[in-house]
Each structure stands twice: as C-alpha cells, then as structure tokens.
Amino acid sequence: MIEMVIDARRKDLGGFDVGRILPFHARRMVGPFIFLDQMGPAEFAPGSEAINVRPHPHIGLSTLTYLFEGEIIHRDSTGATQAIRPGEVNWMTAGKGIVHSERTTPTKRAEGGPMHGMQAWIALPGESEDCDPAFQHYAGPDLPAYENAGLFARLVAGEAYGASARVKTASPLFYVHWELAEGVRTAPPPGKGAGGYSERALYVARGEIEVGDRTFHEGQMIVLEPAAEPTIKAIRPSTVMVLGGEPIGPRVIWWNFVSSSQAKIDAAKADWKAGRMALPVEDDVEFIPLPDAPSTPEPAPSGVKPEPTHPV
C-alpha cells in the first residue's frame, strides 16, 4: 500500500523554518512534482524581516504557491505584481526563463503575524519547456471546494473527484488541500489500477493521520503504491496536501533550474551570471547571485542528480 515515507528536512532561514520534502535522494518526483516545501508555520514579530526573497531565475517549470496563513507579494519579469492570500494560487510558468521575487509588504512586516503555506515546482513536459514565461493568479470559484461532515477539500490544481481547477497545467496532475476533523475518513483520487493517476502521495502539513494500519504525523509524506486504494483517517484535526499525476520523464535540476537537457541548464547559468535575464520592473535593485554549486544536504545514490538550493 505504501511505497515510501519521506520526512521533511527542516532548515532555519533566519527566524523562518522551511521543510524540504521533494526532491528526496530516493524519490526525486511524484508525477510532475519535482519540488515541495512547507513554509512555516511561523509567527513573525512586528518589525521582523519576514519573507524577503530577492529576485532569482527559473527555467523549465511552473511554480505553485499556496498559503494557509499570511500574505506574500509576488513580482516577476513578465510585469506581474500580485499578492497571494490564504486559499489562493499563484501559478508562475518559467518556460524558457523568468525572474521573480517573493516578499512581505512593509505594512505586513510592521504588523507581524502568521505565515504558513506550501510551495511546489511542477516540471514542464518536453514540448512546453521552452514556452514563453507567464503568470496567473487564481482564487474563489477557480478552485472547486467541498465541505461536509468534518471534511473540507479544495482542488488547488488539476483534476480530481470529477472536478477541474481553472489553473492551466501542462500535463495530467492533481493537487488537493484537505482539512480533516478528528475521526474523519476519506480517500485520495484513484490510482493506476482503478483508471486513475500513476503516482500519488499525501503530505501531512499539520496533525496526524492513519493510512492502513500505520500512523503518520506532521512533516511526513506518504508515497502510495500505484494500485493502492487506502482509506485515510484523521487521528486528530489535520491539514493534508494530496498530490500526484503522470510522470514526464527524467529531469536535471540545478539550483532553480529544471530541464530535460543539461545544455539548457548550462545556458541558463551563463545567462543569469552575465545579466542577460531581466529583473522584475518593480524589484530590480538586488538579486540572488549564481552560486558556485548548489548545496547537497544529503548524499544521492549513484546516477541521481543532487538536490537544488532554493531561496525559499
């Protein structure tokens, strides 16, 4: 039923903890999801730095930011400036290249307050890797939701349970936010054996759940076997992200760059180092320099690409 369990690796970014779930040395992707971070939970004191990620580049992926609490301002080189708040989606497609920043507004820094959310990278299929960069914001009816008997579910992206989010994706996937009251039972979208998705996983962002005869807690990802059709039970009130989709093939990942081609990674590195990638118009004073080499928190098995360093 359970193929693998991945524990988030916590990292202190200076008053703000991030839990890195994907990529993992023994599991690089789930469907097209190649990167998954839990941001917080944190409580920023009034006047603190809060979120302050300088402009940095991406290629070959879409980023998906989703918040449970707090607010972040996104700015990018397409000219987009957009606040994201709880229950909304910022979907940025890097394609052949984009630069963006993520920051807390001066007003929110002065006030302080909570921050908790998820950031995912979705690798683009080969035919979309060199598309033009784009940004979309989605909220409200764009993201179908369901609530009944202690279960709240929101379809953040893709298709699941007979519903479709308006988020424009490039390959088959699903991403669902569950809020479960104690004792609630539910199930993920069907697996491959039932005509569903080839790869699926559950991530416990808060609380404790039971899958089969095993219990899992906050900070754990449960990767399901393709044919598994488990019932999920909340041992206590829980927040769970359910995600997956169809594989798109191997990807090279270096720093913030994702591609099916090492040559494209090398070209992006050279472009960023030489200043050939435009900064966001409203945030062009500073940027994150190209690192000499991304850090590798864990040794990877032979033949597996190392993990990236990501600024958030």
# chains A, B, ... in the order shown; residues from 1 in each chain; ligands from 1
call {"tool": "select_by_dssp", "arguments": {"residues": "stretch 58-241 of chain A", "states": "alpha helix (DSSP H)", "output": "ChimeraX atom specification"}}
result
/A:106-111
call {"tool": "residues_around", "arguments": {"residues": "A:Ala42", "least_positions_apart": "5", "cutoff": "7 Å", "atoms": "only C-alpha atoms", "output": "list in words"}}
result
Phe16, Pro114, Met115 and His116 of chain A
call {"tool": "write_last_selection", "arguments": {"atoms": "C-alpha atoms", "output": "short mmCIF file (atom, residue, chain, number, x, y, z; two decimals), in the first residue's frame"}}
result
data_model
loop_
_atom_site.label_atom_id
_atom_site.label_comp_id
_atom_site.auth_asym_id
_atom_site.auth_seq_id
_atom_site.Cartn_x
_atom_site.Cartn_y
_atom_site.Cartn_z
CA PHE A 16 11.66 31.11 9.48
CA PRO A 114 1.46 34.22 10.94
CA MET A 115 2.90 32.58 7.84
CA HIS A 116 2.19 29.02 6.72
#
call {"tool": "closest_atom_pairs", "arguments": {"of": "stretch 173-265 of chain A", "to": "stretch 161-164 of chain A", "cutoff": "12 Å", "atoms": "only C-alpha atoms", "output": "tab-separated table"}}
result
residue	atom	partner	partner_atom	distance
A:Leu173	CA	A:Ser164	CA	10.5
A:Phe174	CA	A:Ser164	CA	9.0
A:Tyr175	CA	A:Ser164	CA	10.6
A:Val176	CA	A:Tyr161	CA	10.0
A:Thr186	CA	A:Tyr161	CA	11.8
A:Ala187	CA	A:Tyr161	CA	10.1
A:Pro188	CA	A:Tyr161	CA	8.9
A:Pro189	CA	A:Tyr161	CA	6.4
A:Pro190	CA	A:Tyr161	CA	8.7
A:Gly196	CA	A:Tyr161	CA	10.2
A:Tyr197	CA	A:Tyr161	CA	11.8
call {"tool": "write_last_selection", "arguments": {"atoms": "N, CA and C atoms", "output": "PDB file, in the first residue's frame"}}
result
ATOM      1  N   LEU A 173      -2.233  16.102 -13.727  1.00  0.00           N
ATOM      2  CA  LEU A 173      -1.831  16.158 -12.321  1.00  0.00           C
ATOM      3  C   LEU A 173      -3.034  16.503 -11.462  1.00  0.00           C
ATOM      4  N   PHE A 174      -2.861  16.359 -10.152  1.00  0.00           N
ATOM      5  CA  PHE A 174      -3.853  16.852  -9.193  1.00  0.00           C
ATOM      6  C   PHE A 174      -3.128  17.333  -7.951  1.00  0.00           C
ATOM      7  N   TYR A 175      -3.736  18.317  -7.281  1.00  0.00           N
ATOM      8  CA  TYR A 175      -3.174  18.880  -6.046  1.00  0.00           C
ATOM      9  C   TYR A 175      -4.365  19.327  -5.209  1.00  0.00           C
ATOM     10  N   VAL A 176      -4.559  18.690  -4.059  1.00  0.00           N
ATOM     11  CA  VAL A 176      -5.756  18.892  -3.242  1.00  0.00           C
ATOM     12  C   VAL A 176      -5.357  19.259  -1.819  1.00  0.00           C
ATOM     13  N   THR A 186     -11.545   9.557   4.636  1.00  0.00           N
ATOM     14  CA  THR A 186     -11.677   9.940   3.229  1.00  0.00           C
ATOM     15  C   THR A 186     -10.665   9.137   2.417  1.00  0.00           C
ATOM     16  N   ALA A 187     -10.555   9.429   1.128  1.00  0.00           N
ATOM     17  CA  ALA A 187      -9.657   8.665   0.265  1.00  0.00           C
ATOM     18  C   ALA A 187      -9.043   9.577  -0.779  1.00  0.00           C
ATOM     19  N   PRO A 188      -7.814   9.277  -1.224  1.00  0.00           N
ATOM     20  CA  PRO A 188      -7.190  10.056  -2.297  1.00  0.00           C
ATOM     21  C   PRO A 188      -7.836   9.736  -3.636  1.00  0.00           C
ATOM     22  N   PRO A 189      -7.556  10.507  -4.665  1.00  0.00           N
ATOM     23  CA  PRO A 189      -8.024  10.139  -6.009  1.00  0.00           C
ATOM     24  C   PRO A 189      -7.529   8.746  -6.378  1.00  0.00           C
ATOM     25  N   PRO A 190      -8.259   8.024  -7.229  1.00  0.00           N
ATOM     26  CA  PRO A 190      -7.900   6.645  -7.558  1.00  0.00           C
ATOM     27  C   PRO A 190      -6.520   6.528  -8.194  1.00  0.00           C
ATOM     28  N   GLY A 196      -6.988   5.659 -12.546  1.00  0.00           N
ATOM     29  CA  GLY A 196      -6.618   6.995 -12.100  1.00  0.00           C
ATOM     30  C   GLY A 196      -5.171   7.334 -12.408  1.00  0.00           C
ATOM     31  N   TYR A 197      -4.528   8.003 -11.454  1.00  0.00           N
ATOM     32  CA  TYR A 197      -3.177   8.515 -11.649  1.00  0.00           C
ATOM     33  C   TYR A 197      -2.111   7.471 -11.323  1.00  0.00           C
TER      34      TYR A 197
END
call {"tool": "closest_residue", "arguments": {"among": "A:Pro247, A:Pro144, A:Gly79, A:Gly95", "to": "A:Ala278", "atoms": "only C-alpha atoms"}}
result
A:Gly79
call {"tool": "residues_around", "arguments": {"residues": "A:Trp91", "least_positions_apart": "4", "cutoff": "7 Å", "atoms": "only C-alpha atoms", "output": "list in words"}}
result
Ser62, Thr63, Leu64, Thr65, Phe135, Gln136 and His137 of chain A
call {"tool": "write_last_selection", "arguments": {"atoms": "N, CA, C and O atoms", "output": "tab-separated table (two decimals), in the first residue's frame"}}
result
chain	number	residue	atom	x	y	z
A	62	SER	N	6.84	25.15	-13.65
A	62	SER	CA	5.86	26.09	-13.11
A	62	SER	C	5.97	26.05	-11.59
A	62	SER	O	6.12	24.98	-11.00
A	63	THR	N	5.92	27.21	-10.96
A	63	THR	CA	5.88	27.26	-9.51
A	63	THR	C	4.44	27.46	-9.07
A	63	THR	O	3.68	28.20	-9.71
A	64	LEU	N	4.07	26.82	-7.97
A	64	LEU	CA	2.73	26.95	-7.42
A	64	LEU	C	2.86	27.29	-5.94
A	64	LEU	O	3.38	26.51	-5.15
A	65	THR	N	2.42	28.49	-5.58
A	65	THR	CA	2.45	28.94	-4.19
A	65	THR	C	1.03	28.92	-3.65
A	65	THR	O	0.09	29.42	-4.30
A	135	PHE	N	2.35	34.32	-15.96
A	135	PHE	CA	1.91	34.30	-14.56
A	135	PHE	C	0.40	34.42	-14.50
A	135	PHE	O	-0.20	35.21	-15.23
A	136	GLN	N	-0.22	33.60	-13.62
A	136	GLN	CA	-1.66	33.69	-13.37
A	136	GLN	C	-1.93	33.59	-11.88
A	136	GLN	O	-1.22	32.87	-11.15
A	137	HIS	N	-2.97	34.28	-11.46
A	137	HIS	CA	-3.44	34.21	-10.07
A	137	HIS	C	-4.85	33.64	-10.09
A	137	HIS	O	-5.68	34.01	-10.93
call {"tool": "atom_distance", "arguments": {"atom1": "atom CA of A:Lys264", "atom2": "atom CA of A:Ile122"}}
result
17.3 Å
call {"tool": "residues_around", "arguments": {"residues": "A:Ala205", "least_positions_apart": "3", "cutoff": "7 Å", "atoms": "only C-alpha atoms", "output": "number ranges by chain"}}
result
A: 218-219, 239-240
call {"tool": "write_last_selection", "arguments": {"atoms": "all heavy atoms", "output": "mmCIF file, in the first residue's frame"}}
result
data_model
loop_
_atom_site.group_PDB
_atom_site.id
_atom_site.type_symbol
_atom_site.label_atom_id
_atom_site.label_comp_id
_atom_site.auth_asym_id
_atom_site.auth_seq_id
_atom_site.Cartn_x
_atom_site.Cartn_y
_atom_site.Cartn_z
ATOM 1 N N GLU A 218 2.752 15.240 11.312
ATOM 2 C CA GLU A 218 3.181 16.447 10.605
ATOM 3 C C GLU A 218 4.611 16.304 10.096
ATOM 4 O O GLU A 218 5.499 15.830 10.795
ATOM 5 C CB GLU A 218 3.084 17.642 11.545
ATOM 6 C CG GLU A 218 3.552 18.956 10.950
ATOM 7 C CD GLU A 218 3.391 20.106 11.917
ATOM 8 O OE1 GLU A 218 2.475 20.041 12.763
ATOM 9 O OE2 GLU A 218 4.174 21.068 11.812
ATOM 10 N N GLY A 219 4.822 16.713 8.846
ATOM 11 C CA GLY A 219 6.161 16.673 8.272
ATOM 12 C C GLY A 219 6.494 15.376 7.564
ATOM 13 O O GLY A 219 7.644 15.177 7.181
ATOM 14 N N THR A 239 -4.251 18.909 8.537
ATOM 15 C CA THR A 239 -4.148 19.546 7.225
ATOM 16 C C THR A 239 -3.278 18.645 6.362
ATOM 17 O O THR A 239 -2.143 18.344 6.721
ATOM 18 C CB THR A 239 -3.501 20.939 7.337
ATOM 19 O OG1 THR A 239 -4.281 21.761 8.197
ATOM 20 C CG2 THR A 239 -3.384 21.600 5.968
ATOM 21 N N VAL A 240 -3.806 18.218 5.229
ATOM 22 C CA VAL A 240 -3.095 17.270 4.356
ATOM 23 C C VAL A 240 -3.139 17.786 2.922
ATOM 24 O O VAL A 240 -4.188 18.210 2.442
ATOM 25 C CB VAL A 240 -3.724 15.859 4.428
ATOM 26 C CG1 VAL A 240 -2.975 14.881 3.525
ATOM 27 C CG2 VAL A 240 -3.751 15.347 5.864
#
call {"tool": "residues_around", "arguments": {"residues": "stretch 22-32 of chain A", "least_positions_apart": "2", "cutoff": "6 Å", "atoms": "only C-alpha atoms", "output": "MDAnalysis selection string"}}
result
chainID A and resid 34:36 122:123 199 244:247 300
call {"tool": "write_last_selection", "arguments": {"atoms": "N, CA, C and O atoms", "output": "compact mmCIF listing (two decimals), in the first residue's frame"}}
result
# COMPACT_ATOMS: atom_id res chain seq x y z
N ILE A 34 8.34 18.10 -8.77
CA ILE A 34 9.77 17.86 -8.61
C ILE A 34 10.34 18.55 -7.37
O ILE A 34 11.47 18.32 -6.98
N PHE A 35 9.53 19.39 -6.75
CA PHE A 35 9.99 20.15 -5.58
C PHE A 35 8.77 20.45 -4.73
O PHE A 35 7.71 20.82 -5.25
N LEU A 36 8.91 20.27 -3.40
CA LEU A 36 7.82 20.59 -2.49
C LEU A 36 8.42 21.05 -1.17
O LEU A 36 9.23 20.35 -0.57
N ILE A 122 6.43 22.30 -10.49
CA ILE A 122 5.90 21.27 -11.38
C ILE A 122 6.73 21.33 -12.66
O ILE A 122 6.72 22.34 -13.37
N ALA A 123 7.47 20.25 -12.93
CA ALA A 123 8.32 20.22 -14.13
C ALA A 123 7.45 20.22 -15.38
O ALA A 123 6.42 19.54 -15.44
N GLU A 199 0.98 8.06 -10.12
CA GLU A 199 1.77 8.37 -8.93
C GLU A 199 0.98 9.31 -8.03
O GLU A 199 0.42 10.31 -8.49
N GLY A 244 -0.16 14.42 -7.06
CA GLY A 244 0.36 13.39 -7.94
C GLY A 244 0.05 13.69 -9.38
O GLY A 244 -0.34 14.81 -9.75
N GLY A 245 0.22 12.67 -10.22
CA GLY A 245 -0.02 12.84 -11.64
C GLY A 245 0.74 11.82 -12.44
O GLY A 245 1.16 10.78 -11.92
N GLU A 246 0.96 12.14 -13.69
CA GLU A 246 1.67 11.24 -14.59
C GLU A 246 3.12 11.67 -14.73
O GLU A 246 3.42 12.86 -14.85
N PRO A 247 4.05 10.70 -14.73
CA PRO A 247 5.47 11.04 -14.89
C PRO A 247 5.72 11.69 -16.25
O PRO A 247 5.04 11.38 -17.23
N ALA A 300 23.40 11.59 -2.62
CA ALA A 300 22.46 10.92 -3.52
C ALA A 300 23.06 9.62 -4.02
O ALA A 300 24.27 9.51 -4.19
call {"tool": "closest_residue", "arguments": {"among": "A:Cys131, A:Val252, A:Ile84, A:Ala139", "to": "A:Ile98", "atoms": "only C-alpha atoms"}}
result
A:Cys131
call {"tool": "residues_around", "arguments": {"residues": "A:Phe152", "least_positions_apart": "4", "cutoff": "7 Å", "atoms": "only C-alpha atoms", "output": "list in words"}}
result
Tyr146, Glu147, Asn148, Trp178, Glu179 and Leu180 of chain A
call {"tool": "write_last_selection", "arguments": {"atoms": "C-alpha atoms", "output": "mmCIF file, in the first residue's frame"}}
result
data_model
loop_
_atom_site.group_PDB
_atom_site.id
_atom_site.type_symbol
_atom_site.label_atom_id
_atom_site.label_comp_id
_atom_site.auth_asym_id
_atom_site.auth_seq_id
_atom_site.Cartn_x
_atom_site.Cartn_y
_atom_site.Cartn_z
ATOM 1 C CA TYR A 146 -16.281 20.755 -0.986
ATOM 2 C CA GLU A 147 -17.249 20.709 2.692
ATOM 3 C CA ASN A 148 -19.293 18.117 4.584
ATOM 4 C CA TRP A 178 -7.762 18.652 2.876
ATOM 5 C CA GLU A 179 -8.831 19.920 6.307
ATOM 6 C CA LEU A 180 -9.928 16.925 8.360
#
call {"tool": "select_by_dssp", "arguments": {"residues": "stretch 6-201 of chain A", "states": "strand (DSSP E)", "output": "MDAnalysis selection string"}}
result
chainID A and resid 6:7 9:12 17:22 33:44 52:58 61:69 72:76 81:84 89:93 98:103 113:123 134:138 145:148 151:160 163:164 173:180 185:186 199:201
call {"tool": "residues_around", "arguments": {"residues": "A:Val53", "least_positions_apart": "6", "cutoff": "10 Å", "atoms": "only C-alpha atoms", "output": "VMD selection string"}}
result
chain A and resid 74 100 to 104 287 to 288 311 to 312
call {"tool": "write_last_selection", "arguments": {"atoms": "all heavy atoms", "output": "CSV table (one decimal), in the first residue's frame"}}
result
chain,number,residue,atom,x,y,z
A,74,HIS,N,4.2,38.7,-4.9
A,74,HIS,CA,5.0,38.2,-6.0
A,74,HIS,C,5.2,39.3,-7.0
A,74,HIS,O,4.3,40.0,-7.4
A,74,HIS,CB,4.2,37.0,-6.6
A,74,HIS,CG,4.7,36.6,-7.9
A,74,HIS,ND1,5.6,35.5,-8.1
A,74,HIS,CD2,4.5,37.1,-9.2
A,74,HIS,CE1,5.8,35.4,-9.4
A,74,HIS,NE2,5.1,36.3,-10.1
A,100,HIS,N,11.8,36.2,-10.6
A,100,HIS,CA,10.8,36.6,-9.7
A,100,HIS,C,11.3,36.8,-8.3
A,100,HIS,O,12.4,36.3,-7.9
A,100,HIS,CB,9.5,35.7,-9.7
A,100,HIS,CG,9.7,34.5,-8.9
A,100,HIS,ND1,8.8,34.0,-7.9
A,100,HIS,CD2,10.7,33.5,-8.9
A,100,HIS,CE1,9.2,32.9,-7.4
A,100,HIS,NE2,10.3,32.6,-7.9
A,101,SER,N,10.5,37.6,-7.5
A,101,SER,CA,10.8,37.8,-6.1
A,101,SER,C,9.6,37.5,-5.3
A,101,SER,O,8.5,37.6,-5.8
A,101,SER,CB,11.3,39.2,-5.8
A,101,SER,OG,10.3,40.1,-6.1
A,102,GLU,N,9.8,37.2,-4.0
A,102,GLU,CA,8.6,37.0,-3.1
A,102,GLU,C,9.0,37.7,-1.8
A,102,GLU,O,10.0,37.3,-1.1
A,102,GLU,CB,8.4,35.5,-2.9
A,102,GLU,CG,8.0,34.7,-4.1
A,102,GLU,CD,8.1,33.2,-4.0
A,102,GLU,OE1,9.2,32.7,-3.8
A,102,GLU,OE2,7.1,32.5,-4.1
A,103,ARG,N,8.1,38.6,-1.4
A,103,ARG,CA,8.4,39.4,-0.2
A,103,ARG,C,7.2,39.7,0.6
A,103,ARG,O,6.0,39.6,0.1
A,103,ARG,CB,9.1,40.7,-0.6
A,103,ARG,CG,10.3,40.6,-1.5
A,103,ARG,CD,10.9,42.0,-1.7
A,103,ARG,NE,12.0,42.0,-2.6
A,103,ARG,CZ,13.3,42.0,-2.4
A,103,ARG,NH1,13.7,42.0,-1.1
A,103,ARG,NH2,14.2,42.1,-3.3
A,104,THR,N,7.4,40.0,1.9
A,104,THR,CA,6.3,40.5,2.7
A,104,THR,C,6.3,42.0,2.6
A,104,THR,O,7.3,42.7,2.5
A,104,THR,CB,6.6,40.2,4.2
A,104,THR,OG1,6.7,38.7,4.3
A,104,THR,CG2,5.5,40.7,5.1
A,287,PHE,N,19.5,41.1,-6.4
A,287,PHE,CA,19.2,39.8,-6.9
A,287,PHE,C,20.0,38.8,-6.2
A,287,PHE,O,21.0,39.1,-5.5
A,287,PHE,CB,19.3,39.7,-8.4
A,287,PHE,CG,20.7,40.0,-8.9
A,287,PHE,CD1,21.7,39.0,-9.0
A,287,PHE,CD2,21.1,41.3,-9.2
A,287,PHE,CE1,23.0,39.3,-9.4
A,287,PHE,CE2,22.4,41.6,-9.7
A,287,PHE,CZ,23.3,40.6,-9.8
A,288,ILE,N,19.7,37.5,-6.3
A,288,ILE,CA,20.5,36.4,-5.8
A,288,ILE,C,21.5,36.0,-6.8
A,288,ILE,O,21.1,35.6,-7.9
A,288,ILE,CB,19.6,35.2,-5.4
A,288,ILE,CG1,18.6,35.6,-4.3
A,288,ILE,CG2,20.5,34.0,-4.9
A,288,ILE,CD1,17.6,34.5,-3.9
A,311,PRO,N,15.9,29.5,-2.8
A,311,PRO,CA,15.9,30.6,-1.8
A,311,PRO,C,14.7,30.6,-0.8
A,311,PRO,O,14.8,31.3,0.2
A,311,PRO,CB,15.9,31.8,-2.7
A,311,PRO,CG,15.3,31.4,-4.0
A,311,PRO,CD,15.8,29.9,-4.2
A,312,VAL,N,13.6,29.9,-1.1
A,312,VAL,CA,12.5,29.9,-0.2
A,312,VAL,C,12.5,28.6,0.6
A,312,VAL,O,12.6,27.6,0.1
A,312,VAL,CB,11.2,30.1,-0.9
A,312,VAL,CG1,10.0,29.9,0.1
A,312,VAL,CG2,11.1,31.4,-1.5
call {"tool": "closest_residue", "arguments": {"among": "A:Leu124, A:Ala201, A:Ala149, A:Ile235", "to": "A:Met4", "atoms": "only C-alpha atoms"}}
result
A:Ala201
call {"tool": "closest_residue", "arguments": {"among": "A:Gln38, A:Ser171, A:Thr231, A:Ser48", "to": "A:Glu210", "atoms": "only C-alpha atoms"}}
result
A:Thr231
call {"tool": "closest_residue", "arguments": {"among": "A:Ile248, A:Val5, A:Ile209, A:Ala228", "to": "A:Glu127", "atoms": "only C-alpha atoms"}}
result
A:Ile248
call {"tool": "atom_distance", "arguments": {"atom1": "atom CA of A:Gly40", "atom2": "atom CA of A:Ile6"}}
result
17.8 Å
call {"tool": "atom_distance", "arguments": {"atom1": "atom CA of A:Ser77", "atom2": "atom CA of A:Pro55"}}
result
9.3 Å
call {"tool": "closest_residue", "arguments": {"among": "A:Met221, A:Ala83, A:Ile73, A:Leu67", "to": "A:Arg9", "atoms": "only C-alpha atoms"}}
result
A:Met221
